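A quick write-up on the structure given underneath.
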Amino acid sequence: MKRKNLLSLSAVLLCLLFSSCTNGNLPSSETQSSSSLLSSSLSSLVSSEASSTESSSSKESSVSSAVSSQVVSSSSSQSSSSSSLSSSISDVKPEKISFYSLNDVHGAIEETPNSSTYFPGMSKLSYKIKNDADYSPSSVLLSSGDMFQGSALSNISEGLCMTDIMSKMGFASMAIGNHEFDWGTSKIVTEEQHATFPFLGINIYSKSTGKIASFASPSTIVRRGGAKIGIIGSIMQNIAGDISAKMIADISFEADVPLVTAEAKRLKTEEKCDLVIVSTHQGPDSATDSYLESSYVDGVFGGHDHQKWENQDSNGKYYLESSSSGRALSKMVFTLTNGSYQLSTASAEWNDKGTISGTDPEVDKVIADYNEEIKPLMEKVVGYRDGPFCRNSSSSSNSGSLGNLVTKAMMFFANDSEYGNDSTVVASFHNTGGVRADWTSTTKDASTGLYPITIGDLYSTSPFDNLVQAIEVSGSNFILAAKSDYHSDNVTLNGYSWYVNGTKVDSSATYRVVTIDYLITKSGDPLYKGLDGGENINGNQAFMRDVLAAYLQRVGTIHISDYPYL
């Protein structure tokens with residue numbers, strides 16, 4: 001009975017969505033049965049709509065972008081049918097080769113001019129690259145991973161919108177990041193097949209085969225006129241802790257340094273590459289230092305830690321990283337000197353608001369095509385707020401705490417008689433890093449004078465497909481979770497002791513809490529229970545954004561004064 005009530009909420013939302021997007025034609029029962037409330041139902045809807053888009057405008061986009069992708073060969077099974085733009089120019093080595101790199105864009109496809117944190121969006125980034133003084137047909141565009149997960153437009157299209165944009169821009173490769181695994185390896189395969197560029201990960205192995213995973217290539221070779229360029233992709237060896245364990249049950253991350261340095265040597269000595277660049281999903285560390293120590297590596301572009309780095313080693317070679325969400329852009333320029341390429345300049349430059357004057361019409365067209373299908377979903381209102389809600393107290397003055405809202409919604413979902421109906425759940429925990437975007441739009445609803453909260457807002461704040469589940473946890477682990485960098489509800493610290501609902505936590509007792517399966521299946525976490533995860537509350541499979549939707553539907557309007565920073 002309670003399950004029926006919960007699904008009824010999604011049915012109400014979906015009816016609103018389908019009435020405007022599909023003329024009321026609901027998905028088949030097969031699609032419905034595989035849905036997880038609002039989130040998966042929307043994914044099911046867009047999967048069918050995106051397939052139509054793919055077969056028309058998106059496919060057309062992919063075909064046209066294949067001409068300019070300039071990827072001509074790969075050292076593994078990944079092969080590209082793309083034509084090489086540079087090969088039609090000449091076989092003479094260009095005087096200059098410029099590399100541009102992005103990392104951790106996290107689906108930030110569109111510009112956010114009114115957000116507390118400015119993202120320029122992919123169209124402005126493309127304009128900046130193509131109008132840069134060092135850009136030419138000999139330039140190479142790279143990604144160091146974590147491109148898809150993070151926004152409604154990217155997530156509802158399951159990354160296809162970002163993939164089409166990257167293909168249109170002419171990316172030469174993408175190193176696979178940890179968040180590429182958020183939808184499982186089958187989605188990586190889908191994305192790789194859709195893209196006009198290879199996905200790289202020299203140290204991503206299949207446990208069952210003992211070989212490099214089928215969706216990952218160790219490296220790729222691109223040509224610019226008569227110049228051969230080798231690009232190696234890798235990921236941090238100990239990255240598994242940042243991925244839901246159930247998504248990588250058959251994946252291992254091997255030691256990257258020996259694999260990368262051996263491949264760099266092969267590319268230089270056997271393939272006769274003029275330049276070898278490493279694109280890796282890891283911040284500057286001993287591994288990237290070792291890359292640069294190799295005489296066969298000319299430069300490293302990194303990612304993962306969301307920082308801007310311009311690190312030069314003793315040999316004058318660079319590790320560059322460009323923050324996150326397109327807030328910066330990394331660039332290395334090599335010039336031909338006495339028959340070989342020498343580093344000319346290296347930088348990671350901020351893309352502050354107002355610094356990019358135009359957009360790329362071709363990228364705008366891709367975004368418009370996807371928005372035509374998806375934006376009506378994103379703009380549906382699920383609740384209202386009377387002011388800004390932010391992840392961090394420093395994000396906006398006089399704002400409500402999104403972390404407080406998230407954990408209160410989890411407790412509501414677990415305890416409420418219409419949903420979880422589980423009064424034994426006494427506290428909630430959610431990692432701070434899982435709350436991804438602020439609600440700071442200043443556009444008010446004319447009839448209410450309040451700020452609408454949309455489905456797009458839910459996806460932006462909770463982009464990951466984290467299931468809300470209940471577990472039993474020891475008092476000692478409860479205390480460890482309370483001490484962790486988590487948002488929580490019903491948990492307080494008084495002196496040196498932790499309390500739940502006003503009662504001191506007993507380290508020898510057992511407590512029932514609600515959290516997300518990412519923490520439950522994360523080895524080493526105080527809430528870890530194994531790969532099987534926890535219990536779906538009252539049998540209901542619900543993602544975190546579903547729970548937020550249910551809570552907002554119940555309360556209607558949230559007030560910043562009710563959700564202070566704790």
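Each chain of the structure tokens is named A, B, ... in the order shown, its residues numbered from 1; ligands are numbered from 1 in display order.
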
**Q.** Close residues, range 424-431 of chain A itself excluded, 8 Å, only C-alpha atoms, min 4 positions apart in chain, as a ChimeraX atom specification
**A.** /A:403,406-408,410-411,414-415,435,470,481,485-491,500-501,511-516,519

Q: Within 12 Å of Ala348 in chain A, counting only C-alpha atoms, which residues show up once you throw out same-chain ones fewer than 6 positions away? Write them as a list in words, please.
A: Phe99, Tyr100, Ser101, Leu102, Asn103, Phe301, Gly302, Gln307, Lys308, Trp309, Glu310, Asn311, Tyr318, Tyr319, Leu320, Glu321, Ser322, Ser323, Ser324, Gly326, Arg327, Ala328, Leu329, Ser330, Lys331, Met332 and Val333 of chain A

Q) A:Val140, A:Val300, A:Ala216, A:Met122: which is nearest Ile229 in chain A, counting only C-alpha atoms? A)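 Distance minimum relative to Ile229 in chain A lands on A:Val140.
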
Q. So what do you get for CA of Val366 in chain A versus CA of Lys168 in chain A, distance-wise?
A. 8.3 Å

**Q.** For Ile558 in chain A: contacts at 7 Å, only C-alpha atoms, fewer than 3 positions along chain excluded, given as a PyMOL selection string
**A.** chain A and resi 384-386+555

Next, the residues of the selection above should be written as a compact mmCIF listing (two decimals), in the first residue's frame with N, CA and C atoms.
```txt
# COMPACT_ATOMS: atom_id res chain seq x y z
N TYR A 384 8.72 25.30 -3.90
CA TYR A 384 9.14 26.70 -3.90
C TYR A 384 10.05 26.97 -2.70
N ARG A 385 10.86 28.03 -2.83
CA ARG A 385 11.73 28.47 -1.74
C ARG A 385 11.61 29.99 -1.61
N ASP A 386 11.92 30.48 -0.39
CA ASP A 386 11.80 31.93 -0.18
C ASP A 386 13.14 32.65 -0.25
N VAL A 555 5.86 19.52 1.64
CA VAL A 555 5.93 20.80 2.36
C VAL A 555 5.56 21.99 1.49
```

(Q) Can you tell me which residues surround range 126-129 of chain A at a distance of at most 9 Å, considering only C-alpha atoms, apart from same-chain residues fewer than 3 positions away, and format the answer as a list in words? (A)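 Surrounding residues, per the criterion: Tyr100, Gly121, Met122, Ser123, Asp132, Ala133, Asp134, Tyr135, Leu141, Met169, Leu329, Ile356, Ser357, Gly358, Thr359, Asp360, Pro361 and Val363 of chain A.
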
Just-selected residues, N, CA, C and O atoms written as a compact mmCIF listing (two decimals), in the first residue's frame:
```
# COMPACT_ATOMS: atom_id res chain seq x y z
N TYR A 100 44.87 21.77 -25.85
CA TYR A 100 43.91 22.35 -24.92
C TYR A 100 43.25 21.21 -24.15
O TYR A 100 42.91 20.18 -24.74
N GLY A 121 30.06 27.26 -19.58
CA GLY A 121 29.34 26.40 -20.51
C GLY A 121 30.21 26.00 -21.69
O GLY A 121 31.19 26.67 -22.03
N MET A 122 29.84 24.92 -22.34
CA MET A 122 30.67 24.34 -23.39
C MET A 122 30.73 25.20 -24.65
O MET A 122 31.73 25.22 -25.35
N SER A 123 29.67 25.91 -24.97
CA SER A 123 29.67 26.74 -26.18
C SER A 123 30.67 27.88 -26.05
O SER A 123 31.42 28.18 -26.99
N ASP A 132 41.37 31.39 -29.81
CA ASP A 132 42.63 31.64 -29.11
C ASP A 132 43.74 31.91 -30.13
O ASP A 132 43.75 31.35 -31.24
N ALA A 133 44.69 32.74 -29.77
CA ALA A 133 45.76 33.12 -30.68
C ALA A 133 46.62 31.93 -31.10
O ALA A 133 47.21 31.94 -32.18
N ASP A 134 46.68 30.90 -30.26
CA ASP A 134 47.50 29.73 -30.57
C ASP A 134 46.72 28.60 -31.24
O ASP A 134 47.30 27.55 -31.54
N TYR A 135 45.43 28.80 -31.46
CA TYR A 135 44.62 27.74 -32.06
C TYR A 135 44.81 27.70 -33.57
O TYR A 135 44.91 28.74 -34.23
N LEU A 141 42.59 18.81 -28.86
CA LEU A 141 41.71 19.03 -27.72
C LEU A 141 41.54 17.73 -26.94
O LEU A 141 41.16 16.71 -27.51
N MET A 169 33.08 19.52 -31.14
CA MET A 169 34.24 20.37 -30.88
C MET A 169 35.53 19.75 -31.41
O MET A 169 36.52 20.46 -31.58
N LEU A 329 40.90 26.60 -18.23
CA LEU A 329 41.30 25.88 -19.44
C LEU A 329 42.82 25.74 -19.43
O LEU A 329 43.54 26.72 -19.21
N ILE A 356 34.86 35.74 -21.85
CA ILE A 356 34.64 35.08 -23.15
C ILE A 356 33.49 35.79 -23.85
O ILE A 356 32.38 35.85 -23.33
N SER A 357 33.77 36.32 -25.02
CA SER A 357 32.82 37.25 -25.65
C SER A 357 31.78 36.60 -26.55
O SER A 357 30.81 37.25 -26.93
N GLY A 358 31.97 35.34 -26.94
CA GLY A 358 31.03 34.75 -27.89
C GLY A 358 30.75 33.29 -27.60
O GLY A 358 31.21 32.72 -26.61
N THR A 359 29.98 32.68 -28.50
CA THR A 359 29.65 31.26 -28.39
C THR A 359 29.91 30.58 -29.73
O THR A 359 30.10 31.23 -30.76
N ASP A 360 29.92 29.26 -29.71
CA ASP A 360 30.12 28.46 -30.92
C ASP A 360 28.76 28.05 -31.47
O ASP A 360 28.03 27.30 -30.81
N PRO A 361 28.36 28.54 -32.65
CA PRO A 361 27.03 28.22 -33.19
C PRO A 361 26.77 26.73 -33.34
O PRO A 361 25.64 26.28 -33.15
N VAL A 363 27.98 24.26 -31.47
CA VAL A 363 27.71 23.71 -30.14
C VAL A 363 26.34 24.19 -29.66
O VAL A 363 25.57 23.43 -29.05
```

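For Thr185 in chain A, the list of residues within 10 Å, based on only C-alpha atoms and with local chain neighbours fewer than 5 positions off taken out, reads Glu180, Thr190, Glu191, Ala213, Ser214, Phe215, Met247, Ile248, Ala249, Asp250 and Ile251 of chain A.
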
Expected file contents, prior selection, N, CA, C and O atoms, as an mmCIF file, in the first residue's frame:
```cif
data_model
loop_
_atom_site.group_PDB
_atom_site.id
_atom_site.type_symbol
_atom_site.label_atom_id
_atom_site.label_comp_id
_atom_site.auth_asym_id
_atom_site.auth_seq_id
_atom_site.Cartn_x
_atom_site.Cartn_y
_atom_site.Cartn_z
ATOM 1 N N GLU A 180 32.670 8.536 -14.669
ATOM 2 C CA GLU A 180 32.182 7.848 -15.867
ATOM 3 C C GLU A 180 31.594 6.478 -15.497
ATOM 4 O O GLU A 180 30.838 5.898 -16.270
ATOM 5 N N THR A 190 28.237 2.367 -24.199
ATOM 6 C CA THR A 190 27.294 3.116 -25.036
ATOM 7 C C THR A 190 27.872 4.467 -25.433
ATOM 8 O O THR A 190 27.810 4.868 -26.600
ATOM 9 N N GLU A 191 28.436 5.174 -24.462
ATOM 10 C CA GLU A 191 29.014 6.479 -24.740
ATOM 11 C C GLU A 191 30.194 6.377 -25.704
ATOM 12 O O GLU A 191 30.338 7.189 -26.623
ATOM 13 N N ALA A 213 40.060 -3.251 -19.986
ATOM 14 C CA ALA A 213 38.611 -3.289 -20.190
ATOM 15 C C ALA A 213 38.264 -2.979 -21.643
ATOM 16 O O ALA A 213 38.945 -2.190 -22.311
ATOM 17 N N SER A 214 37.195 -3.580 -22.117
ATOM 18 C CA SER A 214 36.830 -3.469 -23.537
ATOM 19 C C SER A 214 36.523 -2.048 -23.958
ATOM 20 O O SER A 214 36.649 -1.702 -25.138
ATOM 21 N N PHE A 215 36.098 -1.217 -23.020
ATOM 22 C CA PHE A 215 35.704 0.156 -23.357
ATOM 23 C C PHE A 215 36.869 1.144 -23.225
ATOM 24 O O PHE A 215 36.686 2.341 -23.442
ATOM 25 N N MET A 247 29.389 -0.760 -9.020
ATOM 26 C CA MET A 247 29.555 -0.389 -10.428
ATOM 27 C C MET A 247 30.867 -0.902 -11.020
ATOM 28 O O MET A 247 31.049 -0.889 -12.231
ATOM 29 N N ILE A 248 31.786 -1.331 -10.164
ATOM 30 C CA ILE A 248 33.093 -1.773 -10.663
ATOM 31 C C ILE A 248 33.437 -3.152 -10.109
ATOM 32 O O ILE A 248 34.608 -3.452 -9.839
ATOM 33 N N ALA A 249 32.433 -3.995 -9.965
ATOM 34 C CA ALA A 249 32.664 -5.328 -9.403
ATOM 35 C C ALA A 249 33.665 -6.127 -10.232
ATOM 36 O O ALA A 249 34.411 -6.954 -9.686
ATOM 37 N N ASP A 250 33.704 -5.893 -11.543
ATOM 38 C CA ASP A 250 34.611 -6.647 -12.413
ATOM 39 C C ASP A 250 35.782 -5.797 -12.881
ATOM 40 O O ASP A 250 36.492 -6.159 -13.810
ATOM 41 N N ILE A 251 35.998 -4.636 -12.245
ATOM 42 C CA ILE A 251 37.040 -3.717 -12.699
ATOM 43 C C ILE A 251 38.135 -3.601 -11.647
ATOM 44 O O ILE A 251 37.864 -3.507 -10.451
#
```

Residue neighbourhood Ser395 in chain A, 9 Å, only C-alpha atoms, exclusion window fewer than 6 positions, as a compact mmCIF listing (two decimals) with N, CA and C atoms, in the first residue's frame:
```
# COMPACT_ATOMS: atom_id res chain seq x y z
N SER A 116 26.09 31.51 -7.97
CA SER A 116 27.16 32.01 -7.10
C SER A 116 28.52 31.52 -7.58
N THR A 117 28.55 30.37 -8.28
CA THR A 117 29.78 29.88 -8.91
C THR A 117 29.56 29.91 -10.42
N ASP A 438 24.19 24.72 -6.00
CA ASP A 438 23.36 25.64 -5.22
C ASP A 438 22.05 25.94 -5.95
```

**Q.** From A:Asn421, A:Thr269, A:Asn155, A:Thr288, residue lying nearest Pro463 in chain A [only C-alpha atoms]
**A.**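 Checking each of A:Asn421, A:Thr269, A:Asn155, A:Thr288 against Pro463 in chain A, counting only C-alpha atoms, the winner is A:Asn155.
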
Q) Pro258 in chain A: which residues within 12 Å, counting only C-alpha atoms, same-chain residues fewer than 3 positions away excluded, as a ChimeraX atom specification? A) /A:202-203,234,237,254-255,261-265,287-288,290-291,294

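Residue nearest Asp546 in chain A within the list A:Val382, A:Ala437, A:Leu275, A:Leu402: A:Val382 [criterion: smallest interatomic distance, only C-alpha atoms].
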
Q) In terms of the shortest atom-to-atom distance over only C-alpha atoms, which of A:Tyr528, A:Ser423, A:Phe389, A:Asp256 is closest to Thr442 in chain A? A)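 Ranking A:Tyr528, A:Ser423, A:Phe389, A:Asp256 by distance to Thr442 in chain A, first place goes to A:Phe389.
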
Q: Could you tell me which of A:Ile374, A:Met166, A:Ile176, A:Val505 comes closest to Val189 in chain A if we count only C-alpha atoms?
A: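 Of A:Ile374, A:Met166, A:Ile176, A:Val505, the one nearest Val189 in chain A is A:Ile176, counting only C-alpha atoms.
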